[in-house]
>>> print(open('protein03.pdb').read())   # PDB, C-alpha atoms
MODEL        1
ATOM      1  CA  MET A 291     -11.041 -21.598  -2.891  1.00  0.00           C
ATOM      2  CA  LYS A 292     -12.754 -21.169  -6.219  1.00  0.00           C
ATOM      3  CA  LEU A 293     -11.117 -19.115  -9.009  1.00  0.00           C
ATOM      4  CA  ILE A 294     -13.454 -17.225 -11.329  1.00  0.00           C
ATOM      5  CA  TYR A 295     -11.913 -15.685 -14.452  1.00  0.00           C
ATOM      6  CA  ASN A 296     -13.852 -12.722 -15.841  1.00  0.00           C
ATOM      7  CA  LYS A 297     -13.423  -9.322 -17.492  1.00  0.00           C
ATOM      8  CA  TRP A 298     -15.119  -7.136 -14.842  1.00  0.00           C
ATOM      9  CA  ILE A 299     -13.684  -8.020 -11.422  1.00  0.00           C
ATOM     10  CA  PRO A 300     -11.164  -6.846 -10.344  1.00  0.00           C
ATOM     11  CA  PHE A 301     -10.716  -3.439 -11.936  1.00  0.00           C
ATOM     12  CA  LYS A 302      -8.223  -3.069 -14.768  1.00  0.00           C
ATOM     13  CA  GLY A 303      -4.660  -3.008 -13.517  1.00  0.00           C
ATOM     14  CA  PHE A 304      -5.268  -5.681 -10.880  1.00  0.00           C
ATOM     15  CA  ARG A 305      -4.741  -9.404 -11.295  1.00  0.00           C
ATOM     16  CA  ALA A 306      -7.114 -10.791  -8.684  1.00  0.00           C
ATOM     17  CA  ILE A 307      -9.246 -10.047  -5.660  1.00  0.00           C
ATOM     18  CA  ASN A 308     -10.476 -12.432  -2.990  1.00  0.00           C
ATOM     19  CA  LEU A 309     -14.068 -11.698  -2.013  1.00  0.00           C
ATOM     20  CA  PHE A 310     -15.559 -13.881   0.702  1.00  0.00           C
ATOM     21  CA  GLY A 311     -13.271 -16.795  -0.175  1.00  0.00           C
ATOM     22  CA  VAL A 312     -13.878 -16.647  -3.924  1.00  0.00           C
ATOM     23  CA  CYS A 313     -10.978 -15.371  -5.990  1.00  0.00           C
ATOM     24  CA  PHE A 314     -11.943 -13.281  -9.006  1.00  0.00           C
ATOM     25  CA  VAL A 315      -9.157 -13.177 -11.601  1.00  0.00           C
ATOM     26  CA  ARG A 316      -8.966 -10.639 -14.404  1.00  0.00           C
ATOM     27  CA  GLU A 317      -9.449 -12.282 -17.801  1.00  0.00           C
ATOM     28  CA  GLY A 318      -6.086 -12.847 -19.503  1.00  0.00           C
ATOM     29  CA  GLN A 319      -4.193 -13.055 -16.191  1.00  0.00           C
ATOM     30  CA  THR A 320      -2.685 -16.194 -14.698  1.00  0.00           C
ATOM     31  CA  MET A 321      -2.576 -17.289 -11.097  1.00  0.00           C
ATOM     32  CA  PRO A 322       0.719 -18.990 -10.299  1.00  0.00           C
ATOM     33  CA  PRO A 323       0.743 -21.402  -7.332  1.00  0.00           C
ATOM     34  CA  HIS A 324       2.249 -18.833  -4.939  1.00  0.00           C
ATOM     35  CA  SER A 325      -0.516 -16.332  -5.750  1.00  0.00           C
ATOM     36  CA  ILE A 326      -3.179 -18.966  -5.139  1.00  0.00           C
ATOM     37  CA  ASN A 327      -1.497 -19.792  -1.827  1.00  0.00           C
ATOM     38  CA  HIS A 328      -1.450 -16.064  -0.948  1.00  0.00           C
ATOM     39  CA  GLU A 329      -5.198 -15.851  -1.539  1.00  0.00           C
ATOM     40  CA  ASN A 330      -5.801 -19.092   0.383  1.00  0.00           C
ATOM     41  CA  ILE A 331      -4.057 -17.519   3.379  1.00  0.00           C
ATOM     42  CA  HIS A 332      -6.465 -14.583   3.122  1.00  0.00           C
ATOM     43  CA  THR A 333      -9.376 -17.032   2.994  1.00  0.00           C
ATOM     44  CA  ALA A 334      -8.118 -18.655   6.215  1.00  0.00           C
ATOM     45  CA  GLN A 335      -7.925 -15.201   7.821  1.00  0.00           C
ATOM     46  CA  MET A 336     -11.481 -14.444   6.703  1.00  0.00           C
ATOM     47  CA  ARG A 337     -12.852 -17.674   8.127  1.00  0.00           C
ATOM     48  CA  GLU A 338     -11.030 -17.118  11.400  1.00  0.00           C
ATOM     49  CA  LEU A 339     -12.316 -13.562  11.936  1.00  0.00           C
ATOM     50  CA  GLY A 340     -15.637 -13.897  10.161  1.00  0.00           C
ATOM     51  CA  TYR A 341     -15.877 -12.371   6.711  1.00  0.00           C
ATOM     52  CA  ILE A 342     -17.326  -9.038   7.834  1.00  0.00           C
ATOM     53  CA  GLY A 343     -14.872  -8.830  10.737  1.00  0.00           C
ATOM     54  CA  PHE A 344     -11.963  -9.464   8.387  1.00  0.00           C
ATOM     55  CA  TYR A 345     -12.992  -6.724   5.967  1.00  0.00           C
ATOM     56  CA  LEU A 346     -13.762  -4.281   8.761  1.00  0.00           C
ATOM     57  CA  LEU A 347     -10.367  -4.806  10.417  1.00  0.00           C
ATOM     58  CA  TYR A 348      -8.609  -4.756   7.036  1.00  0.00           C
ATOM     59  CA  VAL A 349     -10.087  -1.366   6.110  1.00  0.00           C
ATOM     60  CA  ILE A 350      -9.459   0.110   9.583  1.00  0.00           C
ATOM     61  CA  GLU A 351      -5.820  -0.977   9.492  1.00  0.00           C
ATOM     62  CA  TRP A 352      -5.387   0.289   5.926  1.00  0.00           C
ATOM     63  CA  MET A 353      -6.890   3.688   6.855  1.00  0.00           C
ATOM     64  CA  TYR A 354      -4.663   3.950   9.943  1.00  0.00           C
ATOM     65  CA  ARG A 355      -1.589   3.150   7.866  1.00  0.00           C
ATOM     66  CA  LEU A 356      -2.685   5.536   5.129  1.00  0.00           C
ATOM     67  CA  ILE A 357      -2.801   8.376   7.668  1.00  0.00           C
ATOM     68  CA  PHE A 358       0.274   7.543   9.762  1.00  0.00           C
ATOM     69  CA  HIS A 359       2.451   5.381   7.488  1.00  0.00           C
ATOM     70  CA  THR A 360       1.609   6.532   3.972  1.00  0.00           C
ATOM     71  CA  ARG A 361       4.454   4.679   2.253  1.00  0.00           C
ATOM     72  CA  THR A 362       3.418   1.331   3.693  1.00  0.00           C
ATOM     73  CA  ALA A 363      -0.350   1.721   3.774  1.00  0.00           C
ATOM     74  CA  TYR A 364      -1.091  -1.433   1.779  1.00  0.00           C
ATOM     75  CA  SER A 365       2.100  -3.450   2.187  1.00  0.00           C
ATOM     76  CA  GLY A 366       2.163  -2.916   5.951  1.00  0.00           C
ATOM     77  CA  ILE A 367      -1.299  -4.329   6.624  1.00  0.00           C
ATOM     78  CA  SER A 368      -0.864  -7.307   8.946  1.00  0.00           C
ATOM     79  CA  PHE A 369      -3.077  -9.530   6.761  1.00  0.00           C
ATOM     80  CA  GLU A 370      -0.989  -8.736   3.682  1.00  0.00           C
ATOM     81  CA  ARG A 371       2.302  -9.227   5.532  1.00  0.00           C
ATOM     82  CA  GLU A 372       1.310 -12.709   6.687  1.00  0.00           C
ATOM     83  CA  ALA A 373       0.115 -13.727   3.218  1.00  0.00           C
ATOM     84  CA  ARG A 374       3.158 -12.248   1.459  1.00  0.00           C
ATOM     85  CA  GLU A 375       5.712 -13.714   3.891  1.00  0.00           C
ATOM     86  CA  ASN A 376       4.252 -17.225   3.600  1.00  0.00           C
ATOM     87  CA  MET A 377       2.978 -17.471   0.036  1.00  0.00           C
ATOM     88  CA  TYR A 378       5.897 -19.666  -1.091  1.00  0.00           C
ATOM     89  CA  ASP A 379       5.450 -22.056   1.849  1.00  0.00           C
ATOM     90  CA  TYR A 380       2.847 -24.388   0.374  1.00  0.00           C
ATOM     91  CA  GLY A 381       2.409 -26.251   3.658  1.00  0.00           C
ATOM     92  CA  TYR A 382       1.890 -23.067   5.663  1.00  0.00           C
ATOM     93  CA  LEU A 383      -1.871 -23.406   6.075  1.00  0.00           C
ATOM     94  CA  HIS A 384      -1.418 -26.827   7.710  1.00  0.00           C
ATOM     95  CA  LYS A 385       0.852 -25.382  10.383  1.00  0.00           C
ATOM     96  CA  ARG A 386      -0.654 -21.883  10.663  1.00  0.00           C
ATOM     97  CA  VAL A 387      -1.608 -20.903  14.195  1.00  0.00           C
ATOM     98  CA  SER A 388      -4.664 -18.856  15.085  1.00  0.00           C
ATOM     99  CA  TYR A 389      -4.375 -15.118  14.559  1.00  0.00           C
ATOM    100  CA  ALA A 390      -0.929 -15.532  12.990  1.00  0.00           C
ATOM    101  CA  GLN A 391      -1.255 -12.147  11.285  1.00  0.00           C
ATOM    102  CA  TRP A 392      -0.825 -10.489  14.673  1.00  0.00           C
ATOM    103  CA  ARG A 393       1.966 -12.676  16.028  1.00  0.00           C
ATOM    104  CA  LYS A 394       5.509 -11.377  15.762  1.00  0.00           C
ATOM    105  CA  ASN A 395       7.150 -13.074  12.780  1.00  0.00           C
ATOM    106  CA  ASN A 396       4.209 -15.493  12.633  1.00  0.00           C
ATOM    107  CA  GLU A 397       5.466 -17.444  15.639  1.00  0.00           C
ATOM    108  CA  LYS A 398       4.464 -21.086  15.581  1.00  0.00           C
TER     109      LYS A 398
ENDMDL
END
>>> encode(input="protein03.pdb", output="structure tokens")
Amino acid sequence: MKLIYNKWIPFKGFRAINLFGVCFVREGQTMPPHSINHENIHTAQMRELGYIGFYLLYVIEWMYRLIFHTRTAYSGISFEREARENMYDYGYLHKRVSYAQWRKNNEK
């Protein structure tokens, strides 16, 4: 995954955003290894579902959670849960199983 540091993407207040497997990092921010791993997990999810499919499912799940689970709209998204729960496991992508974001506790 390529990291691109710039002053426009993402919006102020955000550190980074992964768009189609390219991570845009706000100028002046740093990307520690666990954050890079988090974004690499998202890239694996994107490749698995197809980039458009990933974003479509991501937005649908976020909207559903926004309506029915307002307190966990973002943090409860299955894609975010998988990335957050495994971002400190630097070997995770080598042992990740297909569609792990939808498996209970990321079963191996």
>>> resolve_selection(input="protein03.pdb", expression="the PyMOL selection byres ((chain A and resi 324) around 9)", output="number ranges by chain")
A: 321-323, 325-329, 376-380
>>> closest_residue(input="protein03.pdb", among="A:Gly343, A:Pro300, A:Gly381, A:Gly366", to="Ile331 of chain A", atoms="only C-alpha atoms")
A:Gly381
>>> residues_around(input="protein03.pdb", residues="Phe310 of chain A", least_positions_apart="4", cutoff="12 Å", atoms="all atoms listed in the file", output="list in words")
Met291, Lys292, Leu293, Phe314, Glu329, Asn330, His332, Thr333, Ala334, Gln335, Met336, Arg337, Leu339, Gly340, Tyr341, Ile342, Gly343, Phe344 and Tyr345 of chain A
>>> atom_distance(input="protein03.pdb", atom1="atom CA of Tyr389 of chain A", atom2="atom CA of Phe358 of chain A")
23.6 Å
>>> resolve_selection(input="protein03.pdb", expression="the PyMOL selection byres ((chain A and resi 294) around 12)", output="VMD selection string")
chain A and resid 291 to 293 295 to 300 305 to 309 311 to 321
